[in-house]
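Asks: Sending over my_file-v7.cif (mmCIF, C-alpha atoms).
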data_work
loop_
_atom_site.label_atom_id
_atom_site.label_comp_id
_atom_site.auth_asym_id
_atom_site.auth_seq_id
_atom_site.Cartn_x
_atom_site.Cartn_y
_atom_site.Cartn_z
CA MET A 66 -49.13 -11.98 9.51
CA LYS A 67 -50.15 -10.82 12.95
CA ILE A 68 -47.94 -8.49 14.91
CA ARG A 69 -48.30 -8.54 18.66
CA VAL A 70 -46.34 -6.67 21.29
CA GLU A 71 -46.52 -7.90 24.86
CA ILE A 72 -45.51 -5.45 27.53
CA ASP A 73 -44.59 -6.96 30.83
CA PRO A 74 -43.25 -4.44 33.41
CA ARG A 75 -42.07 -7.30 35.64
CA ASN A 76 -39.78 -8.70 32.98
CA ASP A 77 -36.18 -7.75 33.90
CA SER A 78 -34.47 -9.97 31.36
CA GLU A 79 -33.27 -8.89 27.93
CA GLU A 80 -35.95 -7.91 25.43
CA GLU A 81 -36.71 -10.69 23.02
CA VAL A 82 -38.44 -10.89 19.65
CA VAL A 83 -39.83 -14.29 18.71
CA ILE A 84 -41.25 -15.04 15.27
CA ARG A 85 -43.68 -17.96 15.31
CA CYS A 86 -44.25 -19.47 11.89
CA ASN A 87 -45.07 -22.74 10.15
CA THR A 88 -42.33 -22.55 7.57
CA LEU A 89 -39.29 -20.40 7.04
CA SER A 90 -40.77 -18.39 4.19
CA GLU A 91 -39.03 -15.60 2.33
CA GLU A 92 -41.18 -13.07 4.14
CA VAL A 93 -40.14 -14.43 7.52
CA MET A 94 -36.49 -14.48 6.53
CA MET A 95 -36.68 -10.89 5.40
CA LEU A 96 -38.32 -9.91 8.64
CA GLN A 97 -35.65 -11.69 10.61
CA LYS A 98 -32.95 -10.00 8.55
CA GLN A 99 -34.44 -6.56 9.09
CA LEU A 100 -34.83 -7.12 12.81
CA SER A 101 -31.22 -8.28 12.97
CA GLU A 102 -30.18 -5.13 11.14
CA ILE A 103 -31.96 -2.94 13.66
CA VAL A 104 -30.45 -4.80 16.58
CA SER A 105 -26.91 -4.86 15.22
CA SER A 106 -26.99 -1.22 14.11
CA LYS A 107 -27.36 -0.28 17.78
CA LEU A 108 -24.32 -2.35 18.62
CA LYS A 109 -21.28 -0.52 19.94
CA LEU A 110 -18.00 -2.16 19.32
CA GLU A 111 -15.47 -2.02 22.12
CA VAL A 112 -12.13 -0.96 20.71
CA TYR A 113 -8.81 0.22 22.09
CA LYS A 114 -6.38 2.95 21.25
CA GLY A 115 -3.37 2.60 23.49
CA ASP A 116 -4.76 2.60 27.01
CA THR A 117 -8.09 4.15 26.03
CA VAL A 118 -11.24 2.14 25.55
CA LEU A 119 -13.71 3.51 23.02
CA TYR A 120 -17.13 2.42 21.84
CA LEU A 121 -17.54 2.63 18.11
CA SER A 122 -20.72 2.63 16.11
CA PRO A 123 -20.57 0.22 13.14
CA ASP A 124 -21.33 3.11 10.78
CA GLU A 125 -17.95 4.64 11.59
CA ILE A 126 -16.02 1.52 10.66
CA LEU A 127 -14.53 1.23 7.20
CA PHE A 128 -13.00 -2.19 7.48
CA LEU A 129 -11.54 -4.66 9.93
CA GLU A 130 -8.36 -6.54 9.39
CA THR A 131 -6.56 -9.22 11.35
CA THR A 132 -2.83 -9.19 11.76
CA ASP A 133 -0.54 -11.60 13.51
CA THR A 134 -1.02 -9.87 16.81
CA PHE A 135 -4.35 -8.07 16.87
CA LEU A 136 -7.53 -7.12 15.06
CA ALA A 137 -7.33 -3.67 13.52
CA VAL A 138 -10.49 -1.62 13.22
CA HIS A 139 -10.19 1.15 10.67
CA THR A 140 -12.24 4.30 10.72
CA ALA A 141 -11.69 7.22 8.36
CA LYS A 142 -8.97 8.73 10.52
CA GLU A 143 -7.99 6.22 13.14
CA ILE A 144 -6.95 2.66 13.66
CA TYR A 145 -8.17 0.89 16.76
CA SER A 146 -7.61 -2.59 18.03
CA ALA A 147 -10.31 -5.01 19.11
CA LYS A 148 -10.13 -8.11 21.23
CA GLU A 149 -12.74 -10.16 19.42
CA ARG A 150 -12.00 -12.60 16.65
CA LEU A 151 -12.82 -11.63 13.10
CA TYR A 152 -15.36 -14.40 12.60
CA THR A 153 -17.13 -13.42 15.83
CA LEU A 154 -17.45 -9.85 14.64
CA GLU A 155 -18.61 -11.02 11.24
CA GLU A 156 -21.60 -12.60 12.94
CA MET A 157 -22.22 -9.70 15.31
CA LEU A 158 -21.95 -6.80 12.91
CA PRO A 159 -24.76 -5.65 10.58
CA SER A 160 -25.16 -7.25 7.18
CA SER A 161 -23.44 -4.29 5.56
CA PHE A 162 -20.20 -5.89 6.75
CA ILE A 163 -18.97 -8.59 4.44
CA ARG A 164 -15.78 -10.51 4.11
CA ILE A 165 -13.39 -9.43 1.37
CA SER A 166 -10.47 -11.69 2.16
CA LYS A 167 -9.47 -14.28 4.72
CA SER A 168 -8.26 -11.51 6.97
CA SER A 169 -10.61 -8.60 6.25
CA ILE A 170 -14.22 -7.51 6.56
CA VAL A 171 -15.46 -4.35 4.90
CA ASN A 172 -18.42 -2.09 5.56
CA ILE A 173 -20.04 -1.71 2.14
CA ALA A 174 -21.99 1.32 3.35
CA ASN A 175 -18.78 3.39 3.19
CA ILE A 176 -17.39 2.10 -0.07
CA ARG A 177 -16.88 4.73 -2.74
CA SER A 178 -15.21 2.69 -5.46
CA VAL A 179 -13.84 -0.71 -6.32
CA LYS A 180 -10.94 -0.87 -8.69
CA ARG A 181 -10.97 -4.32 -10.20
CA ASN A 182 -7.73 -6.13 -10.74
CA ILE A 183 -7.72 -9.29 -12.80
CA THR A 184 -4.39 -10.55 -11.57
CA GLY A 185 -4.47 -9.57 -7.90
CA PRO A 186 -6.61 -8.16 -5.12
CA SER A 187 -9.05 -5.42 -6.10
CA GLU A 188 -8.64 -2.03 -4.51
CA ILE A 189 -11.51 -0.64 -2.43
CA GLU A 190 -11.70 3.09 -1.76
CA PHE A 191 -13.84 4.76 0.86
CA ALA A 192 -15.55 8.11 1.01
CA GLY A 193 -13.74 10.84 2.88
CA THR A 194 -10.44 9.07 3.49
CA VAL A 195 -7.31 7.98 1.69
CA LYS A 196 -7.47 4.53 3.22
CA LYS A 197 -7.84 1.52 1.01
CA ALA A 198 -8.75 -2.10 1.52
CA TYR A 199 -8.11 -5.01 -0.78
CA ALA A 200 -10.63 -7.63 -1.82
CA SER A 201 -9.22 -10.94 -2.89
CA ARG A 202 -10.53 -12.54 -6.07
CA ASN A 203 -12.37 -15.27 -4.20
CA TYR A 204 -14.56 -12.73 -2.42
CA LEU A 205 -14.88 -10.11 -5.14
CA LYS A 206 -17.97 -11.53 -6.80
CA GLN A 207 -19.82 -11.63 -3.50
CA LEU A 208 -18.80 -8.04 -2.80
CA MET A 209 -19.93 -6.81 -6.22
CA ASN A 210 -23.26 -8.61 -5.82
CA ARG A 211 -23.82 -6.95 -2.45
CA LEU A 212 -22.94 -3.55 -3.83
CA GLU A 213 -25.35 -4.07 -6.72
CA GLU A 214 -28.02 -5.21 -4.28
CA LYS A 215 -27.45 -2.09 -2.22
CA ARG A 216 -27.61 0.11 -5.29
CA LEU A 217 -30.91 -1.42 -6.44
CA ASN A 218 -32.46 -1.14 -3.00
CA LYS A 219 -31.80 2.57 -3.04
CA MET B 127 19.00 -5.16 -0.74
CA LYS B 128 16.02 -7.31 -1.52
CA ALA B 129 15.70 -6.14 -5.14
CA ARG B 130 19.35 -6.88 -5.85
CA ARG B 131 19.02 -10.34 -4.37
CA ILE B 132 15.98 -10.96 -6.55
CA MET B 133 17.84 -9.83 -9.64
CA LEU B 134 20.76 -12.05 -8.77
CA GLY B 135 18.32 -14.92 -8.28
CA VAL B 136 16.68 -14.27 -11.66
CA GLY B 137 20.11 -14.03 -13.28
CA LEU B 138 21.15 -17.36 -11.82
CA LEU B 139 17.87 -18.92 -12.96
CA ALA B 140 18.50 -17.58 -16.47
CA LEU B 141 21.99 -19.05 -16.30
CA ALA B 142 20.63 -22.41 -15.19
CA GLY B 143 18.02 -22.26 -17.97
CA GLY B 144 20.74 -21.53 -20.50
CA LEU B 145 22.81 -24.46 -19.32
CA VAL B 146 19.80 -26.80 -19.45
CA GLY B 147 18.90 -25.48 -22.91
CA ARG B 148 22.43 -26.12 -24.08
CA LYS B 149 22.42 -29.62 -22.68
CA MET B 150 19.09 -30.38 -24.34
CA GLY B 151 20.24 -28.99 -27.65
CA ILE B 152 17.72 -26.15 -27.73
CA ILE B 153 20.54 -23.62 -27.87
CA PRO B 154 23.29 -25.70 -29.39
CA SER B 155 26.99 -25.03 -29.51
CA ILE B 156 27.02 -21.94 -27.33
CA PRO B 157 30.07 -22.00 -25.07
CA ILE B 158 29.51 -22.06 -21.33
CA SER B 159 31.40 -18.78 -21.00
CA THR B 160 28.81 -17.10 -23.22
CA ILE B 161 25.96 -18.57 -21.19
CA ILE B 162 27.55 -17.28 -17.97
CA LEU B 163 27.99 -13.88 -19.57
CA GLY B 164 24.34 -14.08 -20.67
CA GLY B 165 23.28 -14.66 -17.06
CA ILE B 166 25.30 -11.64 -15.96
CA CYS B 167 23.67 -9.66 -18.76
CA VAL B 168 20.21 -10.58 -17.47
CA VAL B 169 21.16 -9.23 -14.05
CA LEU B 170 22.48 -6.05 -15.65
CA ILE B 171 19.29 -5.63 -17.71
CA LEU B 172 17.13 -5.98 -14.61
CA ASP B 173 19.33 -3.51 -12.76
CA GLY B 174 19.07 -1.14 -15.71
CA LEU B 175 15.29 -1.46 -15.66
CA ARG B 176 15.24 -0.66 -11.96
CA HIS B 177 17.29 2.46 -12.38
CA LYS B 178 16.14 3.43 -15.83
CA ASN B 179 19.62 3.21 -17.25
CA PHE B 180 19.35 2.66 -21.00
CA PHE B 181 23.00 1.66 -21.35
CA LEU B 182 22.59 -1.09 -18.77
CA ILE B 183 19.44 -2.30 -20.52
CA LEU B 184 20.44 -2.17 -24.17
CA MET B 185 24.08 -3.18 -24.19
CA PRO B 186 23.66 -6.50 -22.36
CA LEU B 187 20.51 -7.08 -24.43
CA ALA B 188 22.48 -6.50 -27.62
CA PHE B 189 25.14 -8.90 -26.37
CA ILE B 190 22.60 -11.63 -25.68
CA VAL B 191 20.73 -11.15 -28.94
CA GLN B 192 23.88 -10.99 -31.03
CA ARG B 193 25.42 -14.04 -29.41
CA VAL B 194 22.32 -16.20 -29.59
CA TYR B 195 21.38 -15.18 -33.09
CA SER B 196 24.92 -15.49 -34.44
CA TYR B 197 25.00 -19.08 -33.27
CA TRP B 198 21.78 -19.65 -35.09
CA ASP B 199 23.18 -17.85 -38.15
CA MET B 200 20.21 -15.54 -38.15
CA PHE B 201 21.87 -12.27 -37.31
CA LEU B 202 22.33 -10.65 -40.69
CA GLY B 203 26.05 -10.35 -40.38
CA ILE B 204 26.15 -7.81 -37.54
CA GLY B 205 29.17 -8.47 -35.34
CA LEU B 206 29.37 -8.19 -31.58
CA VAL B 207 31.26 -4.89 -31.61
CA GLU B 208 28.82 -3.41 -34.11
CA ALA B 209 25.84 -4.63 -32.06
CA LEU B 210 27.28 -3.11 -28.89
CA GLY B 211 28.07 0.10 -30.74
CA ILE B 212 24.53 0.35 -32.13
CA SER B 213 23.04 -0.33 -28.70
CA ALA B 214 25.32 2.29 -27.09
CA ILE B 215 24.27 4.91 -29.65
CA THR B 216 20.60 3.96 -29.18
CA ALA B 217 21.01 4.16 -25.40
CA ALA B 218 22.65 7.56 -25.71
CA GLY B 219 19.75 8.76 -27.86
CA LEU B 220 17.16 7.43 -25.45
CA THR B 221 19.05 8.92 -22.52
CA ILE B 222 19.05 12.33 -24.18
CA LEU B 223 15.35 12.03 -24.91
CA PHE B 224 14.11 10.56 -21.65
CA GLY B 225 16.90 11.15 -19.18
CA ASN B 226 19.19 8.68 -17.56
CA ARG B 227 19.05 7.43 -14.01
CA LYS B 228 16.68 9.75 -12.33
CA LYS B 229 18.36 12.38 -10.30
CA ALA B 230 17.35 12.12 -6.71
CA ILE B 231 15.28 15.21 -6.20
CA THR B 232 14.60 16.33 -2.73
CA GLY B 233 11.30 17.94 -2.07
CA SER B 234 9.21 18.67 0.89
CA ARG B 235 5.78 20.01 1.25
CA ASN B 236 7.19 23.09 2.87
CA ARG B 237 9.06 23.80 -0.29
CA GLY B 238 6.04 22.75 -2.21
CA PHE B 239 8.11 20.86 -4.71
CA ILE B 240 8.37 17.34 -5.83
CA ASN B 241 9.32 15.67 -9.04
CA ASN B 242 8.98 12.13 -10.12
CA GLY B 243 10.62 12.06 -13.48
CA GLY B 244 10.32 8.33 -13.93
CA PHE B 245 8.42 6.70 -16.74
CA GLY B 246 5.87 5.58 -14.23
CA GLY B 247 5.00 9.16 -13.56
CA ALA B 248 2.41 10.24 -11.10
CA GLY B 249 4.74 10.98 -8.24
CA GLY B 250 3.52 14.43 -7.64
CA GLN B 251 0.68 15.22 -9.87
CA GLY B 252 0.11 18.21 -7.75
CA GLY B 253 3.24 19.54 -9.30
CA ALA B 254 4.21 22.94 -8.20
CA GLY B 255 3.62 23.58 -4.66
CA GLY B 256 1.84 25.44 -2.03
CA GLN B 257 3.11 28.80 -3.08
CA ASN B 258 1.38 28.48 -6.36
CA GLY B 259 -1.72 27.30 -4.68
CA ALA B 260 -2.15 24.48 -7.11
CA PRO B 261 -5.01 22.20 -6.32
CA GLY B 262 -4.14 19.41 -3.96
CA GLN B 263 -4.39 16.60 -6.43
CA PRO B 264 -3.84 13.08 -5.35
CA GLY B 265 -0.13 12.64 -5.45
CA GLY B 266 0.21 16.28 -4.81
CA PHE B 267 2.63 17.76 -2.53
CA GLY B 268 1.04 20.44 -4.47
CA GLY B 269 -0.63 21.98 -1.52
CA THR B 270 -3.78 23.90 -1.52
CA GLY B 271 -2.33 27.27 -0.87
CA THR B 272 -4.43 27.50 2.24
CA GLU B 273 -3.30 29.18 5.41
CA ILE B 274 -1.63 27.08 8.02
CA ASP B 275 -3.62 26.63 11.15
CA GLN B 276 -1.01 26.92 13.87
CA ASN B 277 -3.36 25.48 16.44
CA ARG B 278 -4.04 22.49 14.34
CA PHE B 279 -0.86 20.80 15.33
CA ALA B 280 -1.43 21.30 19.00
CA GLN B 281 -4.80 19.66 18.65
CA GLN B 282 -3.42 16.53 17.13
CA PRO B 283 -3.43 13.39 19.19
CA GLY B 284 -0.06 12.39 20.47
CA PHE B 285 1.26 15.93 20.90
CA ARG B 286 1.39 18.43 23.65
CA SER B 287 0.30 21.96 22.99
CA ASN B 288 3.91 22.95 22.32
CA GLY B 289 4.11 20.37 19.60
CA GLU B 290 6.27 17.87 21.44
CA PRO B 291 5.18 14.31 21.19
CA MET B 292 3.57 12.92 24.30
CA GLN B 293 5.61 10.05 25.53
CA ASP B 294 4.97 10.10 29.25
CA GLY B 295 2.69 7.34 30.23
CA TYR B 296 2.60 6.05 26.70
CA GLY B 297 4.25 2.86 25.82
CA TYR B 298 2.68 -0.20 24.40
CA PRO B 299 3.32 -3.77 25.30
CA ASP B 300 3.72 -4.51 21.61
CA ASP B 301 6.08 -1.61 21.06
CA ASP B 302 8.17 -2.16 17.93
CA GLY B 303 11.03 -0.12 19.29
CA ASP B 304 12.88 2.82 17.79
CA ASN B 305 14.06 1.13 14.64
CA VAL B 306 11.77 -1.04 12.58
CA VAL B 307 12.83 -3.23 9.67
CA ILE B 308 10.14 -4.73 7.45
CA ASP B 309 11.13 -7.27 4.88
CA ASN B 310 8.71 -8.75 2.36
CA SER B 311 9.52 -10.84 -0.67
CA PHE B 312 6.26 -12.22 -2.01
CA GLY B 313 2.63 -12.12 -0.97
CA LYS B 314 0.85 -9.58 1.17
CA LEU B 315 2.28 -8.21 4.38
CA VAL B 316 0.36 -5.80 6.60
CA ARG B 317 2.24 -4.18 9.45
CA TYR B 318 0.92 -1.79 12.10
CA LEU B 319 3.73 0.16 13.69
CA HIS B 320 3.61 0.77 17.39
CA SER B 321 6.37 2.88 18.79
CA SER B 322 6.68 5.50 21.46
CA ASN B 323 9.85 6.99 19.98
CA LEU B 324 10.19 6.04 16.35
CA LYS B 325 13.51 6.88 14.73
CA LYS B 326 13.75 4.76 11.64
CA VAL B 327 11.61 2.51 9.49
CA LYS B 328 13.17 0.45 6.73
CA ILE B 329 10.91 -1.34 4.27
CA ASP B 330 12.39 -3.79 1.83
CA ASN B 331 9.87 -5.21 -0.61
CA GLY B 332 10.49 -7.52 -3.56
CA PHE B 333 7.46 -8.70 -5.51
CA GLY B 334 4.79 -8.61 -2.87
CA ASN B 335 2.30 -6.12 -1.53
CA CYS B 336 3.48 -4.48 1.68
CA ILE B 337 1.13 -2.24 3.66
CA VAL B 338 2.48 -0.30 6.62
CA TYR B 339 0.44 1.84 8.99
CA TYR B 340 1.95 4.36 11.37
CA ASP B 341 -0.59 3.31 13.94
CA ASN B 342 0.33 4.07 17.55
CA VAL B 343 3.47 5.89 16.61
CA TYR B 344 5.14 8.86 18.21
CA VAL B 345 7.97 10.09 16.10
CA ASP B 346 11.21 11.07 17.79
CA ALA B 347 11.45 14.79 18.43
CA ASP B 348 14.45 14.95 16.08
CA GLY B 349 12.42 13.32 13.35
CA SER B 350 12.31 9.88 11.87
CA ARG B 351 13.70 8.26 8.76
CA LEU B 352 11.67 6.19 6.36
CA GLU B 353 13.61 4.11 3.86
CA ILE B 354 11.74 2.16 1.24
CA ASP B 355 13.42 -0.14 -1.22
CA ASN B 356 10.86 -1.57 -3.58
CA GLY B 357 11.64 -3.84 -6.49
CA PHE B 358 8.63 -4.99 -8.46
CA GLY B 359 5.85 -5.01 -5.90
CA GLN B 360 3.65 -2.44 -4.23
CA VAL B 361 4.29 -0.61 -0.98
CA ASP B 362 1.56 1.42 0.74
CA VAL B 363 2.53 3.52 3.74
CA TYR B 364 -0.09 5.32 5.82
CA ILE B 365 1.26 8.25 7.80
CA PRO B 366 -0.75 10.50 10.12
CA PRO B 367 -1.21 13.94 8.55
CA PHE B 368 0.26 15.79 11.52
CA TYR B 369 3.86 15.02 10.56
CA ARG B 370 6.03 16.98 8.18
CA PHE B 371 7.35 14.98 5.28
CA LYS B 372 10.47 15.26 3.18
CA LEU B 373 11.06 12.99 0.23
CA LYS B 374 14.13 11.95 -1.68
CA GLN B 375 13.23 9.53 -4.40
CA ASP B 376 14.93 7.39 -6.95
CA ASN B 377 12.40 5.96 -9.32
CA GLY B 378 13.03 3.62 -12.24
CA PHE B 379 10.10 2.51 -14.34
CA GLY B 380 7.61 2.33 -11.52
CA SER B 381 5.63 5.04 -9.83
CA ILE B 382 5.73 6.90 -6.55
CA ASN B 383 2.46 8.47 -5.50
CA ILE B 384 1.53 10.76 -2.64
CA PHE B 385 -2.06 11.02 -1.47
CA GLY B 386 -3.43 13.51 1.01
CA GLU B 387 -1.54 16.28 2.73
CA CYS B 388 1.16 16.27 5.34
CA SER B 389 1.64 18.93 7.99
CA LEU B 390 2.96 22.34 7.06
CA ASP B 391 3.83 23.23 10.60
CA PRO B 392 7.60 23.82 10.89
CA ASN B 393 7.48 22.59 14.49
CA ALA B 394 5.94 19.26 13.61
CA PRO B 395 8.29 16.27 13.72
CA LEU B 396 9.79 15.47 10.36
CA ILE B 397 9.63 12.18 8.55
CA ASP B 398 12.60 12.10 6.22
CA ALA B 399 11.79 9.59 3.50
CA LYS B 400 14.07 8.00 0.97
CA ILE B 401 12.37 5.86 -1.63
CA ASP B 402 14.22 3.64 -4.05
CA ASN B 403 11.67 2.20 -6.43
CA GLY B 404 12.42 -0.08 -9.34
CA MET B 405 9.47 -1.22 -11.41
CA GLY B 406 6.91 -1.34 -8.66
CA LYS B 407 4.58 1.13 -7.06
CA VAL B 408 5.01 3.07 -3.84
CA ASN B 409 2.06 4.94 -2.37
CA ILE B 410 2.32 7.28 0.59
CA TYR B 411 -0.97 8.22 2.21
CA PHE B 412 -1.47 11.03 4.69
CA GLY B 413 -4.61 10.42 6.62
#
Output the structure of this file as structure tokens.
Replies:
Amino acid sequence: MKIRVEIDPRNDSEEEVVIRCNTLSEEVMMLQKQLSEIVSSKLKLEVYKGDTVLYLSPDEILFLETTDTFLAVHTAKEIYSAKERLYTLEEMLPSSFIRISKSSIVNIANIRSVKRNITGPSEIEFAGTVKKAYASRNYLKQLMNRLEEKRLNK
Amino acid sequence: MKARRIMLGVGLLALAGGLVGRKMGIIPSIPISTIILGGICVVLILDGLRHKNFFLILMPLAFIVQRVYSYWDMFLGIGLVEALGISAITAAGLTILFGNRKKAITGSRNRGFINNGGFGGAGGQGGAGGQNGAPGQPGGFGGTGTEIDQNRFAQQPGFRSNGEPMQDGYGYPDDDGDNVVIDNSFGKLVRYLHSSNLKKVKIDNGFGNCIVYYDNVYVDADGSRLEIDNGFGQVDVYIPPFYRFKLKQDNGFGSINIFGECSLDPNAPLIDAKIDNGMGKVNIYFG
């Protein structure tokens, strides 16, 4: 695979990475995934606390949860609100964010433990905070697979 | 009270079941009066379970068992009075061994004392308090025995340097008001409290999972009350650590757990909590 970087000082538009390939091979998909990771990790999420607007790095986020009235963004110590929809953020945020219920997305990078519950939602604990999130049974397998994947990659 | 309504509902269902069973011949020849009394007994048993009252559990149970079995001629000749007497003696023995309805013990982190006493345990694993310098276990009002940082409070968001809550200029369009009532029967309910002058929060939970966050909340300068009535479900309440916390609890067979540490500053606004827990689980998180 050739890698070529074109520098054009006259180009004022947004930087763009294009992958030209014959087929969507595993290698290409991995490359795309890693590029997406790099791009989304630089993303700053616009959140609100009362009248204050803040810009959060995805690393700081533990989980996101929709309520009837707003989208709550949980960090270790604070709760912020966001204006985006949950599904929009699910697409925007890095792949370390995965859905754990119809109303929640969790950042697996901050997960410390998962307490499985056969009859109800499983309890997710995070490092450095008392906050907990709950993964519904429908999404638990996917979560455990991702955590295992993360563990093996390390 | 939600829990009482649920118990009444279950009692009525048991009564209906008894009547259907009688009609279908599953429990033959039991008079309607006995079935009605059986339904009342079910309610009493559930209430006894909630409040860990062995008399309320065993005596109605003995009544039901004796009545049903005597009609089936399976009860080895033990009469109703004898059955009630045996159950009363057993209840007295169990009460002596394990204690009756849990005394409502008031504890605050400042006193460094909390006691759960229920079968469910865990409500204060930290045990003895700050004076003893016991490790701050989860559930511990136990305190770490560390010095109080007087400036810490002033640095907290939502407070002026003198410790008064900042209310000027604050006020949210989705303000929940001074008094908040949260009612959940079944399923999961998540509630984020927004209030510029919170005085009272009342949470009534039956079988479901109720999660409440003190999100954009400024507690009234005179303090705020938190009343939780939990039947069989789970209630999680997240409170910012810069409030003082005082707890009066009445726990049956469930558990009341405290995680994290509340403020030790005597000038910090007080959250005066009263938790009535039946067979469920109540978790208070500071953080």
Asks: I'd like the neighbourhood of A:Ala141 as a PyMOL selection string, where a residue qualifies if any of its atoms comes within 7 Å (using all atoms listed in the file), though same-chain residues fewer than 5 positions away should be ignored.
Replies: chain A and resi 127+193-194
Asks: Enter the distance from atom CA of A:Leu129 to atom CA of A:Ser169, in Å, rounded to one decimal.
Replies: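 Taking atom CA of A:Leu129 as the start and atom CA of A:Ser169 as the end point, the length is 5.5 Å.
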Asks: Kindly provide, as a list in words, the residues of chain A having any atom no farther than 10 Å from an atom of chain B, counting all atoms listed in the file.
Replies: Lys114, Gly115, Asp116, Glu130, Thr131, Thr132, Asp133, Thr134, Phe135, Ala137, Ala141, Lys142, Glu143, Ile144, Tyr145, Gly185, Pro186, Gly193, Thr194, Val195, Lys196 and Lys197 of chain A
Asks: Please produce a file of the residues just selected, as a CSV table (one decimal), in the frame of the given file, where the atoms kept are C-alpha atoms.
Replies:
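Just written: part_27.csv:
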chain,number,residue,atom,x,y,z
A,114,LYS,CA,-6.4,3.0,21.2
A,115,GLY,CA,-3.4,2.6,23.5
A,116,ASP,CA,-4.8,2.6,27.0
A,130,GLU,CA,-8.4,-6.5,9.4
A,131,THR,CA,-6.6,-9.2,11.4
A,132,THR,CA,-2.8,-9.2,11.8
A,133,ASP,CA,-0.5,-11.6,13.5
A,134,THR,CA,-1.0,-9.9,16.8
A,135,PHE,CA,-4.4,-8.1,16.9
A,137,ALA,CA,-7.3,-3.7,13.5
A,141,ALA,CA,-11.7,7.2,8.4
A,142,LYS,CA,-9.0,8.7,10.5
A,143,GLU,CA,-8.0,6.2,13.1
A,144,ILE,CA,-7.0,2.7,13.7
A,145,TYR,CA,-8.2,0.9,16.8
A,185,GLY,CA,-4.5,-9.6,-7.9
A,186,PRO,CA,-6.6,-8.2,-5.1
A,193,GLY,CA,-13.7,10.8,2.9
A,194,THR,CA,-10.4,9.1,3.5
A,195,VAL,CA,-7.3,8.0,1.7
A,196,LYS,CA,-7.5,4.5,3.2
A,197,LYS,CA,-7.8,1.5,1.0
Asks: Can you list, as a PyMOL selection string, every protein, DNA or RNA residue that comes within 9 Å of B:Phe358 when you count all atoms listed in the file, leaving out same-chain residues fewer than 3 positions away?
Replies: chain B and resi 129+176+331-334+380+403-407
Asks: I need the residue set behind the PyMOL selection byres ((chain A and resi 149) around 10) for this file; please write it as a list of chain:residue names.
Replies: A:Leu110, A:Glu111, A:Val112, A:Phe135, A:Leu136, A:Ser146, A:Ala147, A:Lys148, A:Arg150, A:Leu151, A:Tyr152, A:Thr153, A:Leu154
Asks: Step by step, gather every atom of stretch 192-196 of chain B that the file lists, find the box along x, y and z that holds them, add 6 Å on each side, and finally give centre and edge lengths in Å to one decimal, as JSON.
Replies:
{"center_x": 23.4, "center_y": -13.6, "center_z": -31.9, "size_x": 16.0, "size_y": 17.2, "size_z": 17.0}
Asks: What residues have an atom no more than 6 Å from (11.6, 9.8, 0.8) in the file's own frame, counting all atoms listed in the file, and can you write them as number ranges by chain?
Replies: B: 373-375, 398-401
Asks: Report, in Å with one decimal, the straight-line distance from atom CA of B:Val345 to atom CA of B:Val363.
Replies: 15.0 Å
Asks: Report as a PDB file with C-alpha atoms, keeping the file's coordinate frame the residues that result from applying the PyMOL selection byres ((chain A and resi 71-85) around 12) to the structure here.
Replies:
ATOM      1  CA  MET A  66     -49.130 -11.980   9.510  1.00  0.00           C
ATOM      2  CA  LYS A  67     -50.150 -10.820  12.950  1.00  0.00           C
ATOM      3  CA  ILE A  68     -47.940  -8.490  14.910  1.00  0.00           C
ATOM      4  CA  ARG A  69     -48.300  -8.540  18.660  1.00  0.00           C
ATOM      5  CA  VAL A  70     -46.340  -6.670  21.290  1.00  0.00           C
ATOM      6  CA  CYS A  86     -44.250 -19.470  11.890  1.00  0.00           C
ATOM      7  CA  ASN A  87     -45.070 -22.740  10.150  1.00  0.00           C
ATOM      8  CA  THR A  88     -42.330 -22.550   7.570  1.00  0.00           C
ATOM      9  CA  LEU A  89     -39.290 -20.400   7.040  1.00  0.00           C
ATOM     10  CA  SER A  90     -40.770 -18.390   4.190  1.00  0.00           C
ATOM     11  CA  GLU A  92     -41.180 -13.070   4.140  1.00  0.00           C
ATOM     12  CA  VAL A  93     -40.140 -14.430   7.520  1.00  0.00           C
ATOM     13  CA  MET A  94     -36.490 -14.480   6.530  1.00  0.00           C
ATOM     14  CA  MET A  95     -36.680 -10.890   5.400  1.00  0.00           C
ATOM     15  CA  LEU A  96     -38.320  -9.910   8.640  1.00  0.00           C
ATOM     16  CA  GLN A  97     -35.650 -11.690  10.610  1.00  0.00           C
ATOM     17  CA  LYS A  98     -32.950 -10.000   8.550  1.00  0.00           C
ATOM     18  CA  LEU A 100     -34.830  -7.120  12.810  1.00  0.00           C
ATOM     19  CA  SER A 101     -31.220  -8.280  12.970  1.00  0.00           C
ATOM     20  CA  ILE A 103     -31.960  -2.940  13.660  1.00  0.00           C
ATOM     21  CA  VAL A 104     -30.450  -4.800  16.580  1.00  0.00           C
TER      22      VAL A 104
END
Asks: With a distance cut-off of 9 Å and only C-alpha atoms, select the neighbouring residues of B:Gly303, excluding the residue or stretch itself and same-chain residues fewer than 5 positions from it, and output the selection as a PyMOL selection string.
Replies: chain B and resi 320-325
Asks: What is the atom CA of B:Ser350 to atom CA of B:Glu387 distance in Å?
Replies: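 Taking atom CA of B:Ser350 as the start and atom CA of B:Glu387 as the end point, the length is 17.8 Å.
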Asks: Determine, counting only C-alpha atoms, which protein, DNA and RNA residues have an atom within 8 Å of an atom of stretch 134-141 of chain B; residues of the same chain fewer than 2 positions away are not included. Present the result as a list in words.
Replies: Arg130, Arg131, Ile132, Gly143, Gly144, Leu145, Ile161, Ile162, Gly164, Gly165, Ile166, Cys167, Val168 and Val169 of chain B
